[in-house]
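Novice: Here it is, the structure, as structure tokens.
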Amino acid sequence: MYADMEQLHELFTKILDSGGLQKIVFSKPKDQTVKRTEGRVIILKGEKVLQFETFYANGKVNHQNVPMSEAENELEKLTAQFGQINIFTTGGPCEILISSKGKCRILNRISKTMIPAEAENNDRKRHYILDPKVAAPFFFKLGVCSEKGEIFDKKRSKFRQINRFIEILNDCYSSLPETGQLVVGDLCCGKSYLTFAAYYFLTEVKKRDVKMYGVDLKSDVISFCRETARELGFCGMEFFCANILEFDFPKTPHLVLSLHACDIATDIVLYTAVRSSAKVILSTPCCQHEMANQLQCEQLHFVKEHSLLLQKMCDAFTDALRCKRLEAEGYKVITLELIDPEETPKNIMIKAIKTDSTPEKRDKALEEYREALEFLKVHPFLDKLFAHEHRKS
Ligand SMILES: C[S@@+](CC[C@H](N)C(=O)[O-])C[C@H]1O[C@@H](n2cnc3c(N)ncnc32)[C@H](O)[C@@H]1O
């Protein structure tokens with residue numbers, strides 16, 4: 001049956017809306033550098049997308065992921081570039097032949113009803129350091145996955161974030177004491193996804209005796225965390241409802257963790273970790289508001305004309321100054337990206353490991369830090385903390 005483009009459009013709508021599409025193959029290209037393009041629905045970062053694989057005559061293969069909202073447009077665009085389309089669905093196949101004059105012949109053997117096809121889950125293909133099928137009890141209790149270990153769509157991002165954090169912890173595990181009890185603090189722990197994951201990783205994977213402290217201002221989340229730890233039998237976990245500025249660890253921590261402590265709370269985390277002589281600090285800052293209000297640097301005044309750039313610059317300066325201040329306390333500091341930057345702007349991880357740096361090196365770092373503050377004409381909260389201005393009496 002010959003068909004006009006309207007019928008083709010209806011066909012594409014039907015196979016996309018029903019979810020019955022298994023595969024679509026575009027062949028007989030007009031452009032001879034291309035061999036064919038294949039499309040299939042996959043799950044990427046928790047969302048369904050139409051993934052196209054284009055095979056070129058020179059052997060190269062290109063991948064393109066198209067959101068489902070734009071899938072129909074993309075299918076129509078590809079239709080103009082090929083002479084044949086083969087569609088495979090749960091309701092049967094369909095072949096479309098397109099003449100050089102643009103006339104379509106549709107050989108449609110798709111039944112009226114199609115059941116949804118199973119989309120390949122690209123997320124699950126990745127190997128995670130904490131496998132939800134094995135580490136499911138705590139992920140389940142925290143509402144991240146089902147009892148069978150299937151990650152809930154709305155928690156995928158949190159799951160990836162936590163796994164990446166634990167991968168980074170694994171990378172610096174050798175900097176922690178090799179024997180004896182490991183003492184760990186998670187400051188501004190919130191609902192404690194990270195706290196439970198780190199505890200699980202250190203006790204179950206690394207087989208260590210662990211004392212884990214979680215601290216947050218919110219009494220309801222702390223009650224939830226205490227109850228969850230009790231139900232899971234995680235007896236080395238202890239939670240405190242407290243302001244981290246006034247908190248003293250019952251035992252000196254070897255490792256201090258923090259994920260998205262808001263604004264200057266990250267400064268308190270770093271200061272608390274340093275004054276507790278933590279060997280390793282892993283901190284992912286959150287929003288920052290302090291510096292944009294303080295910045296008086298004449299040479300940089302023009303940046304204030306662009307609020308977006310001002311914010312980005314202040315974020316970068318704030319974190320760079322934090323790193324320099326930690327260096328002045330004898331830490332070797334590096335920054336890395338936590339997860340795919342497309343997922344969150346709050347993505348910088350400060351990784352600091354205490355070293356035997358010489359007093360000269362520390363003094364030099366402190367001098368560079370002071371010079372930078374002088375140039376920028378800022379007085380960060382972290383500096384005030386170190387100057388004892390906000391220390392508890
Ligand atoms: C954005 S949430 C992050 C929670 C958790 N770390 C996570 O990533 O899921 C920030 C948390 O910091 C806590 N917080 C902020 N300032 C604090 C302070 N001075 N002392 C203790 N907790 C604080 C808040 O109560 C909140 O739970």
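Ordering of the structure tokens sets the chain letters (A, B, ...); residue numbers start at 1 within each chain; ligands are numbered from 1 in the order shown.
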According to DSSP computed on the backbone, where in range 127-172 of chain A is there alpha helix (DSSP H)? Give the residues as an mmCIF file with C-alpha atoms, in the first residue's frame.

Specialist:
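Final file, selection.cif:
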data_model
loop_
_atom_site.group_PDB
_atom_site.id
_atom_site.type_symbol
_atom_site.label_atom_id
_atom_site.label_comp_id
_atom_site.auth_asym_id
_atom_site.auth_seq_id
_atom_site.Cartn_x
_atom_site.Cartn_y
_atom_site.Cartn_z
ATOM 1 C CA ALA A 136 19.958 -4.300 49.390
ATOM 2 C CA PRO A 137 18.880 -4.385 53.076
ATOM 3 C CA PHE A 138 20.137 -0.888 53.862
ATOM 4 C CA PHE A 139 19.279 0.559 50.430
ATOM 5 C CA PHE A 140 15.783 -0.891 50.854
ATOM 6 C CA LYS A 141 15.351 0.533 54.348
ATOM 7 C CA ARG A 156 18.820 6.648 40.732
ATOM 8 C CA SER A 157 20.738 9.893 40.999
ATOM 9 C CA LYS A 158 21.231 9.513 44.774
ATOM 10 C CA PHE A 159 22.294 5.888 44.243
ATOM 11 C CA ARG A 160 24.948 6.891 41.674
ATOM 12 C CA GLN A 161 26.161 9.742 43.916
ATOM 13 C CA ILE A 162 26.577 7.439 46.923
ATOM 14 C CA ASN A 163 28.332 4.756 44.893
ATOM 15 C CA ARG A 164 30.774 7.256 43.439
ATOM 16 C CA PHE A 165 31.465 8.644 46.917
ATOM 17 C CA ILE A 166 32.233 5.123 48.154
ATOM 18 C CA GLU A 167 34.502 4.516 45.136
ATOM 19 C CA ILE A 168 36.498 7.606 46.150
ATOM 20 C CA LEU A 169 36.583 6.379 49.744
ATOM 21 C CA ASN A 170 37.906 3.058 48.450
ATOM 22 C CA ASP A 171 40.637 4.917 46.533
#

Novice: With 8 Å as the cut-off and only C-alpha atoms and all ligand atoms counted, what is the closest atom pair between each nearby residue of chain A and ligand 1? Distances in Å to one decimal, ordered by chain and number, as JSON lines.

Specialist:
{"residue": "A:Lys158", "atom": "CA", "partner": "ligand 1", "partner_atom_place_in_ligand_line": "9 (O)", "distance": 7.9}
{"residue": "A:Asp186", "atom": "CA", "partner": "ligand 1", "partner_atom_place_in_ligand_line": "6 (N)", "distance": 7.7}
{"residue": "A:Leu187", "atom": "CA", "partner": "ligand 1", "partner_atom_place_in_ligand_line": "21 (C)", "distance": 6.7}
{"residue": "A:Cys188", "atom": "CA", "partner": "ligand 1", "partner_atom_place_in_ligand_line": "12 (O)", "distance": 3.9}
{"residue": "A:Cys189", "atom": "CA", "partner": "ligand 1", "partner_atom_place_in_ligand_line": "6 (N)", "distance": 4.0}
{"residue": "A:Gly190", "atom": "CA", "partner": "ligand 1", "partner_atom_place_in_ligand_line": "27 (O)", "distance": 3.6}
{"residue": "A:Lys191", "atom": "CA", "partner": "ligand 1", "partner_atom_place_in_ligand_line": "9 (O)", "distance": 5.8}
{"residue": "A:Ser192", "atom": "CA", "partner": "ligand 1", "partner_atom_place_in_ligand_line": "5 (C)", "distance": 5.9}
{"residue": "A:Tyr193", "atom": "CA", "partner": "ligand 1", "partner_atom_place_in_ligand_line": "9 (O)", "distance": 6.0}
{"residue": "A:Leu194", "atom": "CA", "partner": "ligand 1", "partner_atom_place_in_ligand_line": "6 (N)", "distance": 6.9}
{"residue": "A:Val215", "atom": "CA", "partner": "ligand 1", "partner_atom_place_in_ligand_line": "21 (C)", "distance": 6.0}
{"residue": "A:Asp216", "atom": "CA", "partner": "ligand 1", "partner_atom_place_in_ligand_line": "22 (N)", "distance": 3.7}
{"residue": "A:Leu217", "atom": "CA", "partner": "ligand 1", "partner_atom_place_in_ligand_line": "22 (N)", "distance": 4.1}
{"residue": "A:Lys218", "atom": "CA", "partner": "ligand 1", "partner_atom_place_in_ligand_line": "25 (O)", "distance": 5.1}
{"residue": "A:Val221", "atom": "CA", "partner": "ligand 1", "partner_atom_place_in_ligand_line": "27 (O)", "distance": 7.7}
{"residue": "A:Cys241", "atom": "CA", "partner": "ligand 1", "partner_atom_place_in_ligand_line": "21 (C)", "distance": 7.5}
{"residue": "A:Ala242", "atom": "CA", "partner": "ligand 1", "partner_atom_place_in_ligand_line": "21 (C)", "distance": 5.7}
{"residue": "A:Asn243", "atom": "CA", "partner": "ligand 1", "partner_atom_place_in_ligand_line": "20 (N)", "distance": 3.5}
{"residue": "A:Ile244", "atom": "CA", "partner": "ligand 1", "partner_atom_place_in_ligand_line": "20 (N)", "distance": 4.0}
{"residue": "A:Leu245", "atom": "CA", "partner": "ligand 1", "partner_atom_place_in_ligand_line": "19 (N)", "distance": 5.8}
{"residue": "A:Ser258", "atom": "CA", "partner": "ligand 1", "partner_atom_place_in_ligand_line": "6 (N)", "distance": 6.0}
{"residue": "A:Leu259", "atom": "CA", "partner": "ligand 1", "partner_atom_place_in_ligand_line": "6 (N)", "distance": 4.3}
{"residue": "A:His260", "atom": "CA", "partner": "ligand 1", "partner_atom_place_in_ligand_line": "3 (C)", "distance": 4.8}
{"residue": "A:Ala261", "atom": "CA", "partner": "ligand 1", "partner_atom_place_in_ligand_line": "10 (C)", "distance": 4.6}
{"residue": "A:Cys262", "atom": "CA", "partner": "ligand 1", "partner_atom_place_in_ligand_line": "10 (C)", "distance": 5.4}
{"residue": "A:Ile264", "atom": "CA", "partner": "ligand 1", "partner_atom_place_in_ligand_line": "16 (N)", "distance": 7.9}
{"residue": "A:Ala265", "atom": "CA", "partner": "ligand 1", "partner_atom_place_in_ligand_line": "16 (N)", "distance": 5.0}
{"residue": "A:Ile268", "atom": "CA", "partner": "ligand 1", "partner_atom_place_in_ligand_line": "19 (N)", "distance": 7.3}
{"residue": "A:Cys286", "atom": "CA", "partner": "ligand 1", "partner_atom_place_in_ligand_line": "1 (C)", "distance": 7.0}

Novice: Neighbours of range 274-279 of chain A within 9 Å (only C-alpha atoms; same-chain residues fewer than 2 positions away dropped), as a PyMOL selection string?

Specialist: chain A and resi 175-177+184+248-249+252-256+269-272+281+326+329+331+352-355

Novice: Step one, run DSSP on the backbone; step two, keep only residues of range 276-380 of chain A assigned to strand (DSSP E); then write them as a list of chain:residue names.

Specialist: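 These are the residues in question: A:Val280, A:Ile281, A:Leu282, A:Ser283, A:Thr284, A:Pro285, A:Tyr331, A:Lys332, A:Val333, A:Ile334, A:Thr335, A:Leu336, A:Glu337, A:Ile348, A:Met349, A:Ile350, A:Lys351, A:Ala352, A:Ile353, A:Lys354.
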
Novice: Counting only C-alpha atoms, what is within 12 Å of Glu178 in chain A, bar same-chain residues fewer than 5 positions away, as a PyMOL selection string?

Specialist: chain A and resi 172-173+202+206-209+254

Novice: Calculated over only C-alpha atoms, which of the candidates A:Glu298, A:Leu282, A:Leu8, A:His379 has the smallest distance to Thr335 in chain A?

Specialist: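 Counting only C-alpha atoms, the residue closest to Thr335 in chain A is A:Leu282.
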
Novice: Can you work out which one of A:Phe26, A:Tyr200, A:Phe52, A:Phe375 has the shortest atom-to-atom distance to Leu300 in chain A, counting only C-alpha atoms?

Specialist: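 Nearest candidate to Leu300 in chain A out of A:Phe26, A:Tyr200, A:Phe52, A:Phe375: A:Phe375.
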
Novice: Rank A:Phe317, A:Lys23, A:Gln296, A:Lys332 by their smallest atom-to-atom distance to Glu374 in chain A, using only C-alpha atoms, and report the top residue only.

Specialist: A:Gln296

Novice: Take CA of Pro67 in chain A and CA of Ala119 in chain A and report the distance between them in Å, one decimal.

Specialist: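 Interatomic distance here is 13.7 Å.
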